[in-house]
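Structure, as structure tokens:
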Amino acid sequence: MKRAFITGITGQDGSYLAESLLQRGYEVHGLIRRASVFNTDRIDHLYQDPHDQAVRLHLHHGDVTDPLALKRVIEESDPDEIYHLAAQSHVRVSFDQPLYTGHVGAMGTLNVLEAAKEVERRRDRPIRLYNAGSSEMFGASPPPQSEDTPFRPRSPYAVSKVAAHGYAVNYREAYGLHVVNGILFNHASPRRGETFLTRKVTRAATRISLGLQDHLWLGNLDARRDWGFAGDYVEAMWRMLQTDVPVDYVVATGRSHSVRDVVVAVFDRLDLDWEAHVRIDPRYLRPTEVAHLEGDASRIERDLGWKPEVGLDDLVDMMVEHDLAVAERERLLRDHGHGDVPRGRVTP
Ligand code: NAP
Ligand code: F7E
């Protein structure tokens, strides 16, 4: 039985990846952060009682900024494959917390690489490591962006990912560690964090359609992104680690849409006039924006036969359907005197 270790298992991608590795028969180990409330919503359906003999999902407390604990849990998990997905992944927030974002994204990745190198040295089996890179690294480079496009990062988040990418390449060249960098373009799902654009829109529009809120505050409507489905993208991560020679790949749909296109698509599905509900709040603008990301994923299609199955239309359908059900539950609770769901959170 193969063993995998996932940092960021409680995140969107980590949850889909854990699900798919368990389905493939892996034993899965995940790093989770201690929190004062449970932070395992996305993987609760996968949870197994640790007292059960046949348990194949193991969760370990730790943090990628804590190298000692990290190395210990990787050593104990004894993985064949490491999927390093942990990051402060919000671009707008990275302008508010640049040091923290860099600490987790860049130094955290270095900690994971160093731990993998040391653990590999002490045993007789190699480790394969996937590093979660991002299309944000291309930043100001014009589309279409491929593996040969220069990195021109435009945010502290993107800079931290460029550093992480550089560290990963260096560990591959210097120590022969089997590391691959996936350069993934935007991908979403019903499990997407609620402050990212697609989910923010599907949550708000479905609530508006049920009379639970009136307005949606957004920033730049003109930016263009290449949006795919997270379920397809974790399949690409796994395929990248199954080849004997480590190669870096762009993962994208090859089609881009503007933020406005997404808003129109979501509101249209709910028979709502988006212009009556969407307002602009400059706090959601970024000091330096990335205008247009559209990936050229021909290398991964040619080498590994990977192609996205879900396009933006199907993704929007999936997310609207899911969030309509969430909003219906909220309305039911409100109608039975349980009050409104708090919406006072900071929503970048
Ligand atoms: P996400 O939903 O924000 O999940 C991030 C995960 O990292 C969460 O499990 C989070 O834990 C964990 N984490 C954050 N800081 C940590 C730390 N210091 N130590 C340990 N764990 C930590 O992100 P995602 O969308 O799944 O993305 C996965 C990875 O791919 C990230 O590296 C992201 O930057 C990158 N990426 C994402 C996209 C995309 O469109 N989704 C595209 C390209 C690249 P908590 O649950 O405790 O917060
Ligand atoms: O923004 C614009 C915003 O925050 C998409 C992360 O997973 O993908 C993600 O980063 C676009 C941007 O994602 C709002 O300015 C307008 O142009 O959903 P987002 P992102 O910044 O592209 C990359 C590939 C990653 O690696 C990251 O980890 O939408 N936008 N108005 C808005 N965005 C947000 N969040 N909120 C708004 O109100």
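Going through the structure tokens in order, the chains are called A, B, and so on, while each chain numbers its residues from 1 and the ligands are numbered from 1 in the order shown.
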
*Please give me, as a ChimeraX atom specification, the residues lying within 8 Å of ligand 2 when counting only C-alpha atoms and all ligand atoms.*
/A:87-92,133-136,157-158,184-188,195-200,217-225,259,281,284-286,289-291,347-348

*Where does DSSP see strand (DSSP E or B) in segment 108-295 of chain A, if you list the residues as a PyMOL selection string?*
chain A and resi 128-134+145+178-184+187-188+216-218+224-225+228-229+249-251+257-258+278-280+292+295

Give me, as a Markdown table, each residue of segment 167-275 of chain A that comes within 10 Å of segment 312-330 of chain A, together with its shortest interatomic pair and the distance in Å at one decimal, counting only C-alpha atoms, with rows ordered by chain and rising residue number.
| residue | atom | partner | partner_atom | distance |
| --- | --- | --- | --- | --- |
| A:His187 | CA | A:Leu315 | CA | 9.4 |
| A:Ala188 | CA | A:Leu315 | CA | 7.7 |
| A:Ser189 | CA | A:Met319 | CA | 6.2 |
| A:Pro190 | CA | A:Met319 | CA | 4.9 |
| A:Arg191 | CA | A:Met319 | CA | 8.7 |
| A:Arg192 | CA | A:Met319 | CA | 9.1 |
| A:Thr198 | CA | A:Val316 | CA | 8.2 |
| A:Arg199 | CA | A:Met319 | CA | 7.4 |
| A:Val201 | CA | A:Val320 | CA | 9.2 |
| A:Thr202 | CA | A:Val320 | CA | 5.6 |
| A:Arg203 | CA | A:Asp323 | CA | 5.7 |
| A:Ala204 | CA | A:Asp323 | CA | 8.9 |
| A:Ala205 | CA | A:Val320 | CA | 8.4 |
| A:Thr206 | CA | A:Leu324 | CA | 5.2 |
| A:Arg207 | CA | A:Ala327 | CA | 5.5 |
| A:Ile208 | CA | A:Ala327 | CA | 9.1 |
| A:Ser209 | CA | A:Leu324 | CA | 8.6 |
| A:Leu210 | CA | A:Ala327 | CA | 7.2 |
| A:Gly211 | CA | A:Ala327 | CA | 9.6 |
| A:Leu212 | CA | A:Ala327 | CA | 7.9 |
| A:Asp226 | CA | A:Leu312 | CA | 8.8 |
| A:Trp227 | CA | A:Leu312 | CA | 6.4 |
| A:Gly228 | CA | A:Leu312 | CA | 6.5 |
| A:Phe229 | CA | A:Leu315 | CA | 6.4 |
| A:Ala230 | CA | A:Leu315 | CA | 9.6 |
| A:Thr253 | CA | A:Leu312 | CA | 9.1 |
| A:Arg255 | CA | A:Leu312 | CA | 9.0 |
| A:Ser256 | CA | A:Leu312 | CA | 9.2 |
| A:His257 | CA | A:Leu312 | CA | 8.6 |
| A:Val262 | CA | A:Val316 | CA | 8.1 |
| A:Val263 | CA | A:Val316 | CA | 9.9 |
| A:Ala265 | CA | A:Val316 | CA | 7.4 |
| A:Val266 | CA | A:Val316 | CA | 6.5 |
| A:Phe267 | CA | A:Val320 | CA | 9.5 |
| A:Arg269 | CA | A:Asp317 | CA | 8.0 |
| A:Leu270 | CA | A:Val320 | CA | 8.4 |

Generate the output file for the selected residues, C-alpha atoms, as a PDB file, in the first residue's frame.
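This is the output file out_6.pdb:
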ATOM      1  CA  HIS A 187      -9.613  26.214  -9.802  1.00  0.00           C
ATOM      2  CA  ALA A 188     -12.752  26.199  -7.716  1.00  0.00           C
ATOM      3  CA  SER A 189     -15.518  23.884  -6.489  1.00  0.00           C
ATOM      4  CA  PRO A 190     -18.358  23.833  -3.970  1.00  0.00           C
ATOM      5  CA  ARG A 191     -15.548  23.517  -1.369  1.00  0.00           C
ATOM      6  CA  ARG A 192     -13.813  26.721  -2.467  1.00  0.00           C
ATOM      7  CA  THR A 198     -16.228  32.345  -7.687  1.00  0.00           C
ATOM      8  CA  ARG A 199     -17.510  31.127  -4.323  1.00  0.00           C
ATOM      9  CA  VAL A 201     -20.392  35.205  -6.047  1.00  0.00           C
ATOM     10  CA  THR A 202     -22.257  31.870  -5.852  1.00  0.00           C
ATOM     11  CA  ARG A 203     -22.796  32.239  -2.084  1.00  0.00           C
ATOM     12  CA  ALA A 204     -24.054  35.822  -2.388  1.00  0.00           C
ATOM     13  CA  ALA A 205     -26.223  35.336  -5.493  1.00  0.00           C
ATOM     14  CA  THR A 206     -27.980  32.259  -4.079  1.00  0.00           C
ATOM     15  CA  ARG A 207     -28.612  34.119  -0.790  1.00  0.00           C
ATOM     16  CA  ILE A 208     -29.944  37.102  -2.752  1.00  0.00           C
ATOM     17  CA  SER A 209     -32.273  34.789  -4.707  1.00  0.00           C
ATOM     18  CA  LEU A 210     -33.785  33.576  -1.410  1.00  0.00           C
ATOM     19  CA  GLY A 211     -34.086  37.045   0.112  1.00  0.00           C
ATOM     20  CA  LEU A 212     -31.288  36.504   2.655  1.00  0.00           C
ATOM     21  CA  ASP A 226      -8.636  30.646 -16.450  1.00  0.00           C
ATOM     22  CA  TRP A 227     -11.003  28.765 -14.109  1.00  0.00           C
ATOM     23  CA  GLY A 228     -11.160  24.984 -13.822  1.00  0.00           C
ATOM     24  CA  PHE A 229     -12.568  22.418 -11.374  1.00  0.00           C
ATOM     25  CA  ALA A 230     -10.470  21.392  -8.352  1.00  0.00           C
ATOM     26  CA  THR A 253      -8.289  24.825 -19.181  1.00  0.00           C
ATOM     27  CA  ARG A 255      -9.869  29.432 -21.765  1.00  0.00           C
ATOM     28  CA  SER A 256     -10.240  32.646 -19.816  1.00  0.00           C
ATOM     29  CA  HIS A 257     -13.234  34.667 -18.679  1.00  0.00           C
ATOM     30  CA  VAL A 262     -18.618  34.893 -13.970  1.00  0.00           C
ATOM     31  CA  VAL A 263     -20.969  37.294 -12.219  1.00  0.00           C
ATOM     32  CA  ALA A 265     -23.248  33.566 -15.573  1.00  0.00           C
ATOM     33  CA  VAL A 266     -24.137  33.029 -11.902  1.00  0.00           C
ATOM     34  CA  PHE A 267     -26.865  35.683 -11.699  1.00  0.00           C
ATOM     35  CA  ARG A 269     -28.779  31.018 -13.686  1.00  0.00           C
ATOM     36  CA  LEU A 270     -30.820  32.408 -10.825  1.00  0.00           C
TER      37      LEU A 270
END

_Would you pick out the contacts of Gly254 of chain A at 6 Å or less, using only C-alpha atoms, so that residues sharing its chain but fewer than 6 positions from it are not included, and give the list as a PyMOL selection string?_
chain A and resi 294-296

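For the choices A:Glu120, A:Glu75, A:Asp44, A:Glu81, the atom-to-atom distance to Tyr26 of chain A is smallest for A:Glu81 when using only C-alpha atoms.
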
*For Ala140 of chain A, please output as number ranges by chain all residues within 7 Å (counting only C-alpha atoms; exclusion window: fewer than 5 positions along the same chain).*
A: 152-154, 290

What would the file look like if the residues just selected were written as a compact mmCIF listing (two decimals), in the first residue's frame with all heavy atoms?
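Writing done, so here's selection_7.txt:
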# COMPACT_ATOMS: atom_id res chain seq x y z
N ARG A 152 6.68 36.96 -13.61
CA ARG A 152 6.71 38.40 -13.29
C ARG A 152 5.66 38.67 -12.22
O ARG A 152 4.60 39.25 -12.47
CB ARG A 152 6.43 39.23 -14.56
CG ARG A 152 7.57 39.11 -15.59
CD ARG A 152 7.24 39.76 -16.91
NE ARG A 152 7.03 41.20 -16.78
CZ ARG A 152 6.46 41.95 -17.73
NH1 ARG A 152 6.06 41.41 -18.87
NH2 ARG A 152 6.29 43.24 -17.54
N PRO A 153 5.93 38.20 -10.98
CA PRO A 153 4.92 38.20 -9.91
C PRO A 153 4.47 39.61 -9.52
O PRO A 153 5.26 40.54 -9.58
CB PRO A 153 5.65 37.52 -8.75
CG PRO A 153 7.10 37.69 -9.03
CD PRO A 153 7.24 37.69 -10.52
N ARG A 154 3.18 39.71 -9.13
CA ARG A 154 2.60 41.03 -8.84
C ARG A 154 2.03 41.13 -7.43
O ARG A 154 1.27 42.07 -7.15
CB ARG A 154 1.48 41.31 -9.84
CG ARG A 154 1.94 41.35 -11.29
CD ARG A 154 2.17 42.73 -11.79
NE ARG A 154 0.94 43.50 -11.88
CZ ARG A 154 0.91 44.83 -12.01
NH1 ARG A 154 2.04 45.51 -12.01
NH2 ARG A 154 -0.24 45.46 -12.10
N VAL A 290 -3.28 41.41 -11.43
CA VAL A 290 -2.86 40.63 -12.60
C VAL A 290 -4.03 40.69 -13.58
O VAL A 290 -5.15 40.29 -13.26
CB VAL A 290 -2.56 39.17 -12.18
CG1 VAL A 290 -2.35 38.30 -13.41
CG2 VAL A 290 -1.34 39.13 -11.27

_When you look at Val169 of chain A with a cut-off of 12 Å (counting only C-alpha atoms), what residues show up, excluding the ones that are within fewer than 6 positions of it in the same chain? I need them as an MDAnalysis selection string._
chainID A and resid 109:110 113 129:131 133 162:163 175:182 246:248

The selected residues should be written to file as a compact mmCIF listing (two decimals), in the first residue's frame (atoms: N, CA and C atoms).
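Ended up saving to part-v7.txt:
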# COMPACT_ATOMS: atom_id res chain seq x y z
N THR A 109 7.79 26.06 2.50
CA THR A 109 8.16 25.10 1.44
C THR A 109 9.59 24.61 1.63
N LEU A 110 10.46 25.54 2.01
CA LEU A 110 11.85 25.14 2.27
C LEU A 110 11.89 24.12 3.42
N LEU A 113 10.86 20.76 2.00
CA LEU A 113 11.93 20.19 1.16
C LEU A 113 13.06 19.63 2.02
N LEU A 129 7.91 14.33 -4.33
CA LEU A 129 7.27 15.50 -3.70
C LEU A 129 6.62 16.40 -4.75
N TYR A 130 5.36 16.71 -4.52
CA TYR A 130 4.64 17.68 -5.39
C TYR A 130 4.59 19.02 -4.69
N ASN A 131 4.99 20.09 -5.39
CA ASN A 131 4.90 21.43 -4.83
C ASN A 131 3.84 22.25 -5.56
N GLY A 133 2.59 25.11 -7.07
CA GLY A 133 2.88 26.42 -7.67
C GLY A 133 1.60 27.04 -8.21
N VAL A 162 7.05 32.09 -6.22
CA VAL A 162 8.24 32.05 -7.10
C VAL A 162 9.43 31.54 -6.28
N ALA A 163 9.55 32.02 -5.04
CA ALA A 163 10.64 31.55 -4.18
C ALA A 163 10.52 30.05 -3.93
N TYR A 175 20.27 17.95 -4.87
CA TYR A 175 20.24 16.72 -4.05
C TYR A 175 19.56 15.55 -4.75
N GLY A 176 19.09 15.77 -5.97
CA GLY A 176 18.43 14.69 -6.70
C GLY A 176 17.07 14.33 -6.11
N LEU A 177 16.49 15.23 -5.30
CA LEU A 177 15.16 14.95 -4.74
C LEU A 177 14.15 14.95 -5.91
N HIS A 178 13.23 14.00 -5.86
CA HIS A 178 12.24 13.89 -6.93
C HIS A 178 11.11 14.90 -6.64
N VAL A 179 11.29 16.12 -7.11
CA VAL A 179 10.29 17.18 -6.85
C VAL A 179 9.67 17.63 -8.16
N VAL A 180 8.34 17.76 -8.20
CA VAL A 180 7.69 18.38 -9.37
C VAL A 180 6.93 19.61 -8.92
N ASN A 181 6.97 20.64 -9.76
CA ASN A 181 6.18 21.85 -9.52
C ASN A 181 4.97 21.82 -10.45
N GLY A 182 3.78 21.85 -9.86
CA GLY A 182 2.57 22.03 -10.67
C GLY A 182 2.28 23.52 -10.69
N PRO A 246 11.14 13.69 -12.90
CA PRO A 246 10.31 14.82 -12.45
C PRO A 246 10.31 15.97 -13.46
N VAL A 247 9.10 16.39 -13.87
CA VAL A 247 8.95 17.48 -14.84
C VAL A 247 7.89 18.44 -14.30
N ASP A 248 8.10 19.74 -14.50
CA ASP A 248 7.12 20.75 -14.05
C ASP A 248 6.06 20.97 -15.13

_Let me make sure I understand: among A:His165, A:Arg299, A:His58, A:Lys117, which one has the smallest atom-to-atom distance to ligand 1 if we use only C-alpha atoms and all ligand atoms?_
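Of the candidates, the smallest distance to ligand 1 is held by A:His165.
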